[in-house]
Amino acid sequence: MVLAKNRLVTEQGPRYDCLLFDLDDTLYPLSSGLAAACSNNIRDYVNKKLGVERSRVPDLSRELYKTYGTTMAGLRAVGYEFDYDDYHSFVHGRLPYENLKPDPVLKNLLLSMPQRKIIFTNSDKVHAAKVLNRLGLKDCFEGIICFETLNPPSKIVESNNKRNMPTDNSTIPKTAIICKPSKEAMEQALRLANADPQRTIFFDDNPRNIAAGKRAGLHTVLVGSSFRTAGADFALESIHNIREALPAIWEEEDAESTKNIVRSRRAGATIGTVVTA
């Protein structure tokens, strides 16, 4: 059954025609320190801007992140009101971007891939642009699906939730923010990318996002670990290991190149015969 399915895909077109890449801790390593700095900035924001006692902030942030995918989405869900641009400016504006260096190896890998390549991140567009610029990868992607595209101003609604964390016996409040790993975020990303999930590969460092991607029908690659988690088709310790782990990305292009070489040789042989005669 699987073989028949693969054969059908091959006959209809390329096996993969779109690649969705997460940004942070996927295109660069966790060791860069941006994730740790971002977590500290989030805790400072919750304490200084939202007035939450500092002693409560770590547990609150951890629980909201666990429940909603991002602390920001969780804060809105439990009733905190704040300006999204101000939040992003505070949280990302003080990150050590200087730790990110140009990555020509990854750039060459990305440019050699024949598929459409799109960034899919929960972060804001300013942060995404800064990261891609620092890595030297801004010209490698067709577009960026980010916080603003998932949450356009016309779709943002006010929260009616009170500032209460859900208990084990209560209904979890719905957040006004769309972000990974929600089903809505996955569906919206596929629509914005105009991508067929069966022909799309999704790269992310977060196991929950990977599981959500698999539920959406995507081919999935967990980055930053050599162990596959639930829903992961592949696991890469580093994004630089793509070619070794997923040679199928280049299969169609390699096959076409081989055909062209054969055609050229045949043409050369024909010309040679004519000249000799």
# chains A, B, ... in the order shown; residues from 1 in each chain; ligands from 1

$ residues_around --residues "A:Leu95" --least-positions-apart "5" --cutoff "7 Å" --atoms "only C-alpha atoms" --output "MDAnalysis selection string"
chainID A and resid 34 37:38

$ residues_around --residues "A:Ala35" --least-positions-apart "6" --cutoff "12 Å" --atoms "only C-alpha atoms" --output "PDB file with all heavy atoms, in the first residue's frame"
ATOM      1  N   LEU A  23      12.397  28.605  13.034  1.00  0.00           N
ATOM      2  CA  LEU A  23      13.542  29.512  13.031  1.00  0.00           C
ATOM      3  C   LEU A  23      14.475  29.278  14.221  1.00  0.00           C
ATOM      4  O   LEU A  23      15.570  28.741  14.080  1.00  0.00           O
ATOM      5  CB  LEU A  23      13.030  30.956  13.038  1.00  0.00           C
ATOM      6  CG  LEU A  23      14.073  32.064  13.015  1.00  0.00           C
ATOM      7  CD1 LEU A  23      14.786  32.113  11.674  1.00  0.00           C
ATOM      8  CD2 LEU A  23      13.412  33.408  13.321  1.00  0.00           C
ATOM      9  N   ASP A  24      14.009  29.661  15.414  1.00  0.00           N
ATOM     10  CA  ASP A  24      14.871  29.656  16.596  1.00  0.00           C
ATOM     11  C   ASP A  24      15.186  28.244  17.077  1.00  0.00           C
ATOM     12  O   ASP A  24      14.288  27.404  17.220  1.00  0.00           O
ATOM     13  CB  ASP A  24      14.199  30.456  17.715  1.00  0.00           C
ATOM     14  CG  ASP A  24      14.037  31.911  17.329  1.00  0.00           C
ATOM     15  OD1 ASP A  24      15.049  32.563  17.020  1.00  0.00           O
ATOM     16  OD2 ASP A  24      12.884  32.406  17.311  1.00  0.00           O
ATOM     17  N   ASP A  25      16.470  28.000  17.330  1.00  0.00           N
ATOM     18  CA  ASP A  25      16.988  26.717  17.796  1.00  0.00           C
ATOM     19  C   ASP A  25      16.797  25.605  16.771  1.00  0.00           C
ATOM     20  O   ASP A  25      16.960  24.430  17.088  1.00  0.00           O
ATOM     21  CB  ASP A  25      16.333  26.307  19.125  1.00  0.00           C
ATOM     22  CG  ASP A  25      16.548  27.355  20.206  1.00  0.00           C
ATOM     23  OD1 ASP A  25      17.608  28.000  20.192  1.00  0.00           O
ATOM     24  OD2 ASP A  25      15.644  27.547  21.040  1.00  0.00           O
ATOM     25  N   THR A  26      16.447  26.001  15.539  1.00  0.00           N
ATOM     26  CA  THR A  26      16.364  25.053  14.435  1.00  0.00           C
ATOM     27  C   THR A  26      17.400  25.393  13.381  1.00  0.00           C
ATOM     28  O   THR A  26      18.201  24.550  12.990  1.00  0.00           O
ATOM     29  CB  THR A  26      14.952  25.048  13.810  1.00  0.00           C
ATOM     30  OG1 THR A  26      13.999  24.581  14.775  1.00  0.00           O
ATOM     31  CG2 THR A  26      14.883  24.134  12.585  1.00  0.00           C
ATOM     32  N   TYR A  28      19.732  27.577  13.917  1.00  0.00           N
ATOM     33  CA  TYR A  28      20.979  27.797  14.665  1.00  0.00           C
ATOM     34  C   TYR A  28      20.887  26.997  15.960  1.00  0.00           C
ATOM     35  O   TYR A  28      19.782  26.661  16.407  1.00  0.00           O
ATOM     36  CB  TYR A  28      21.212  29.292  14.942  1.00  0.00           C
ATOM     37  CG  TYR A  28      20.135  29.947  15.787  1.00  0.00           C
ATOM     38  CD1 TYR A  28      20.201  29.900  17.180  1.00  0.00           C
ATOM     39  CD2 TYR A  28      19.071  30.616  15.203  1.00  0.00           C
ATOM     40  CE1 TYR A  28      19.230  30.493  17.961  1.00  0.00           C
ATOM     41  CE2 TYR A  28      18.100  31.215  15.970  1.00  0.00           C
ATOM     42  CZ  TYR A  28      18.177  31.159  17.351  1.00  0.00           C
ATOM     43  OH  TYR A  28      17.204  31.753  18.128  1.00  0.00           O
ATOM     44  N   PRO A  29      22.007  26.672  16.598  1.00  0.00           N
ATOM     45  CA  PRO A  29      21.979  25.779  17.767  1.00  0.00           C
ATOM     46  C   PRO A  29      21.503  26.456  19.052  1.00  0.00           C
ATOM     47  O   PRO A  29      21.622  27.677  19.213  1.00  0.00           O
ATOM     48  CB  PRO A  29      23.432  25.326  17.891  1.00  0.00           C
ATOM     49  CG  PRO A  29      24.216  26.449  17.312  1.00  0.00           C
ATOM     50  CD  PRO A  29      23.389  26.963  16.163  1.00  0.00           C
ATOM     51  N   ASN A  41      14.103  37.432  29.517  1.00  0.00           N
ATOM     52  CA  ASN A  41      13.376  38.643  29.143  1.00  0.00           C
ATOM     53  C   ASN A  41      11.872  38.486  29.354  1.00  0.00           C
ATOM     54  O   ASN A  41      11.192  39.435  29.753  1.00  0.00           O
ATOM     55  CB  ASN A  41      13.664  38.994  27.683  1.00  0.00           C
ATOM     56  CG  ASN A  41      15.097  39.440  27.459  1.00  0.00           C
ATOM     57  OD1 ASN A  41      15.819  39.754  28.410  1.00  0.00           O
ATOM     58  ND2 ASN A  41      15.523  39.477  26.203  1.00  0.00           N
ATOM     59  N   ILE A  42      11.361  37.301  29.076  1.00  0.00           N
ATOM     60  CA  ILE A  42       9.934  37.041  29.299  1.00  0.00           C
ATOM     61  C   ILE A  42       9.601  37.162  30.775  1.00  0.00           C
ATOM     62  O   ILE A  42       8.599  37.784  31.164  1.00  0.00           O
ATOM     63  CB  ILE A  42       9.538  35.647  28.764  1.00  0.00           C
ATOM     64  CG1 ILE A  42       9.587  35.633  27.235  1.00  0.00           C
ATOM     65  CG2 ILE A  42       8.146  35.256  29.257  1.00  0.00           C
ATOM     66  CD1 ILE A  42       9.372  34.263  26.622  1.00  0.00           C
ATOM     67  N   VAL A  91      10.909  41.562  24.743  1.00  0.00           N
ATOM     68  CA  VAL A  91      11.426  40.191  24.840  1.00  0.00           C
ATOM     69  C   VAL A  91      12.553  39.920  23.844  1.00  0.00           C
ATOM     70  O   VAL A  91      13.548  39.264  24.179  1.00  0.00           O
ATOM     71  CB  VAL A  91      10.274  39.182  24.639  1.00  0.00           C
ATOM     72  CG1 VAL A  91      10.810  37.767  24.462  1.00  0.00           C
ATOM     73  CG2 VAL A  91       9.318  39.241  25.834  1.00  0.00           C
ATOM     74  N   HIS A  92      12.408  40.428  22.613  1.00  0.00           N
ATOM     75  CA  HIS A  92      13.410  40.156  21.582  1.00  0.00           C
ATOM     76  C   HIS A  92      14.404  41.300  21.377  1.00  0.00           C
ATOM     77  O   HIS A  92      15.488  41.095  20.824  1.00  0.00           O
ATOM     78  CB  HIS A  92      12.717  39.867  20.241  1.00  0.00           C
ATOM     79  CG  HIS A  92      11.949  38.586  20.243  1.00  0.00           C
ATOM     80  ND1 HIS A  92      10.759  38.421  19.559  1.00  0.00           N
ATOM     81  CD2 HIS A  92      12.178  37.401  20.855  1.00  0.00           C
ATOM     82  CE1 HIS A  92      10.307  37.201  19.745  1.00  0.00           C
ATOM     83  NE2 HIS A  92      11.147  36.557  20.532  1.00  0.00           N
ATOM     84  N   ARG A  94      16.345  42.810  23.314  1.00  0.00           N
ATOM     85  CA  ARG A  94      17.590  42.777  24.089  1.00  0.00           C
ATOM     86  C   ARG A  94      18.329  41.440  23.955  1.00  0.00           C
ATOM     87  O   ARG A  94      19.142  41.089  24.797  1.00  0.00           O
ATOM     88  CB  ARG A  94      17.276  43.044  25.569  1.00  0.00           C
ATOM     89  CG  ARG A  94      16.564  44.371  25.817  1.00  0.00           C
ATOM     90  CD  ARG A  94      16.283  44.574  27.298  1.00  0.00           C
ATOM     91  NE  ARG A  94      15.366  43.576  27.820  1.00  0.00           N
ATOM     92  CZ  ARG A  94      15.140  43.380  29.128  1.00  0.00           C
ATOM     93  NH1 ARG A  94      15.791  44.110  30.020  1.00  0.00           N
ATOM     94  NH2 ARG A  94      14.285  42.459  29.523  1.00  0.00           N
ATOM     95  N   LEU A  95      18.053  40.725  22.892  1.00  0.00           N
ATOM     96  CA  LEU A  95      18.704  39.426  22.702  1.00  0.00           C
ATOM     97  C   LEU A  95      20.133  39.611  22.181  1.00  0.00           C
ATOM     98  O   LEU A  95      20.428  40.572  21.463  1.00  0.00           O
ATOM     99  CB  LEU A  95      17.907  38.573  21.706  1.00  0.00           C
ATOM    100  CG  LEU A  95      16.526  38.114  22.162  1.00  0.00           C
ATOM    101  CD1 LEU A  95      15.866  37.289  21.060  1.00  0.00           C
ATOM    102  CD2 LEU A  95      16.609  37.299  23.451  1.00  0.00           C
ATOM    103  N   PRO A  96      21.023  38.666  22.499  1.00  0.00           N
ATOM    104  CA  PRO A  96      22.421  38.752  22.036  1.00  0.00           C
ATOM    105  C   PRO A  96      22.570  38.259  20.598  1.00  0.00           C
ATOM    106  O   PRO A  96      23.187  37.226  20.321  1.00  0.00           O
ATOM    107  CB  PRO A  96      23.157  37.836  23.022  1.00  0.00           C
ATOM    108  CG  PRO A  96      22.151  36.796  23.382  1.00  0.00           C
ATOM    109  CD  PRO A  96      20.817  37.524  23.431  1.00  0.00           C
ATOM    110  N   TYR A  97      22.013  39.029  19.659  1.00  0.00           N
ATOM    111  CA  TYR A  97      22.072  38.630  18.254  1.00  0.00           C
ATOM    112  C   TYR A  97      23.510  38.500  17.754  1.00  0.00           C
ATOM    113  O   TYR A  97      23.770  37.790  16.776  1.00  0.00           O
ATOM    114  CB  TYR A  97      21.319  39.642  17.386  1.00  0.00           C
ATOM    115  CG  TYR A  97      19.825  39.629  17.562  1.00  0.00           C
ATOM    116  CD1 TYR A  97      19.169  40.645  18.250  1.00  0.00           C
ATOM    117  CD2 TYR A  97      19.052  38.585  17.037  1.00  0.00           C
ATOM    118  CE1 TYR A  97      17.797  40.642  18.413  1.00  0.00           C
ATOM    119  CE2 TYR A  97      17.670  38.562  17.190  1.00  0.00           C
ATOM    120  CZ  TYR A  97      17.044  39.598  17.890  1.00  0.00           C
ATOM    121  OH  TYR A  97      15.674  39.577  18.053  1.00  0.00           O
ATOM    122  N   ASN A  99      25.689  36.841  18.883  1.00  0.00           N
ATOM    123  CA  ASN A  99      26.138  35.448  19.013  1.00  0.00           C
ATOM    124  C   ASN A  99      25.897  34.639  17.736  1.00  0.00           C
ATOM    125  O   ASN A  99      26.471  33.559  17.566  1.00  0.00           O
ATOM    126  CB  ASN A  99      25.428  34.757  20.177  1.00  0.00           C
ATOM    127  CG  ASN A  99      25.846  35.302  21.526  1.00  0.00           C
ATOM    128  OD1 ASN A  99      26.746  36.131  21.611  1.00  0.00           O
ATOM    129  ND2 ASN A  99      25.192  34.856  22.587  1.00  0.00           N
ATOM    130  N   SER A 123       7.595  33.584  16.370  1.00  0.00           N
ATOM    131  CA  SER A 123       8.188  34.885  16.660  1.00  0.00           C
ATOM    132  C   SER A 123       7.640  35.977  15.748  1.00  0.00           C
ATOM    133  O   SER A 123       6.994  35.690  14.739  1.00  0.00           O
ATOM    134  CB  SER A 123       9.706  34.813  16.517  1.00  0.00           C
ATOM    135  OG  SER A 123      10.256  33.898  17.435  1.00  0.00           O
ATOM    136  N   ASP A 205      12.413  22.207  16.285  1.00  0.00           N
ATOM    137  CA  ASP A 205      13.167  21.671  17.413  1.00  0.00           C
ATOM    138  C   ASP A 205      12.277  21.267  18.576  1.00  0.00           C
ATOM    139  O   ASP A 205      12.742  20.659  19.540  1.00  0.00           O
ATOM    140  CB  ASP A 205      14.178  22.715  17.918  1.00  0.00           C
ATOM    141  CG  ASP A 205      13.484  23.928  18.519  1.00  0.00           C
ATOM    142  OD1 ASP A 205      12.841  24.674  17.770  1.00  0.00           O
ATOM    143  OD2 ASP A 205      13.577  24.127  19.757  1.00  0.00           O
TER     144      ASP A 205
END

$ closest_residue --among "A:Thr200, A:Arg208, A:Leu137, A:Asp86" --to "A:Leu109" --atoms "only C-alpha atoms"
A:Leu137

$ closest_residue --among "A:Lys101, A:Lys117, A:Arg191, A:Lys107" --to "A:Leu135" --atoms "only C-alpha atoms"
A:Lys101
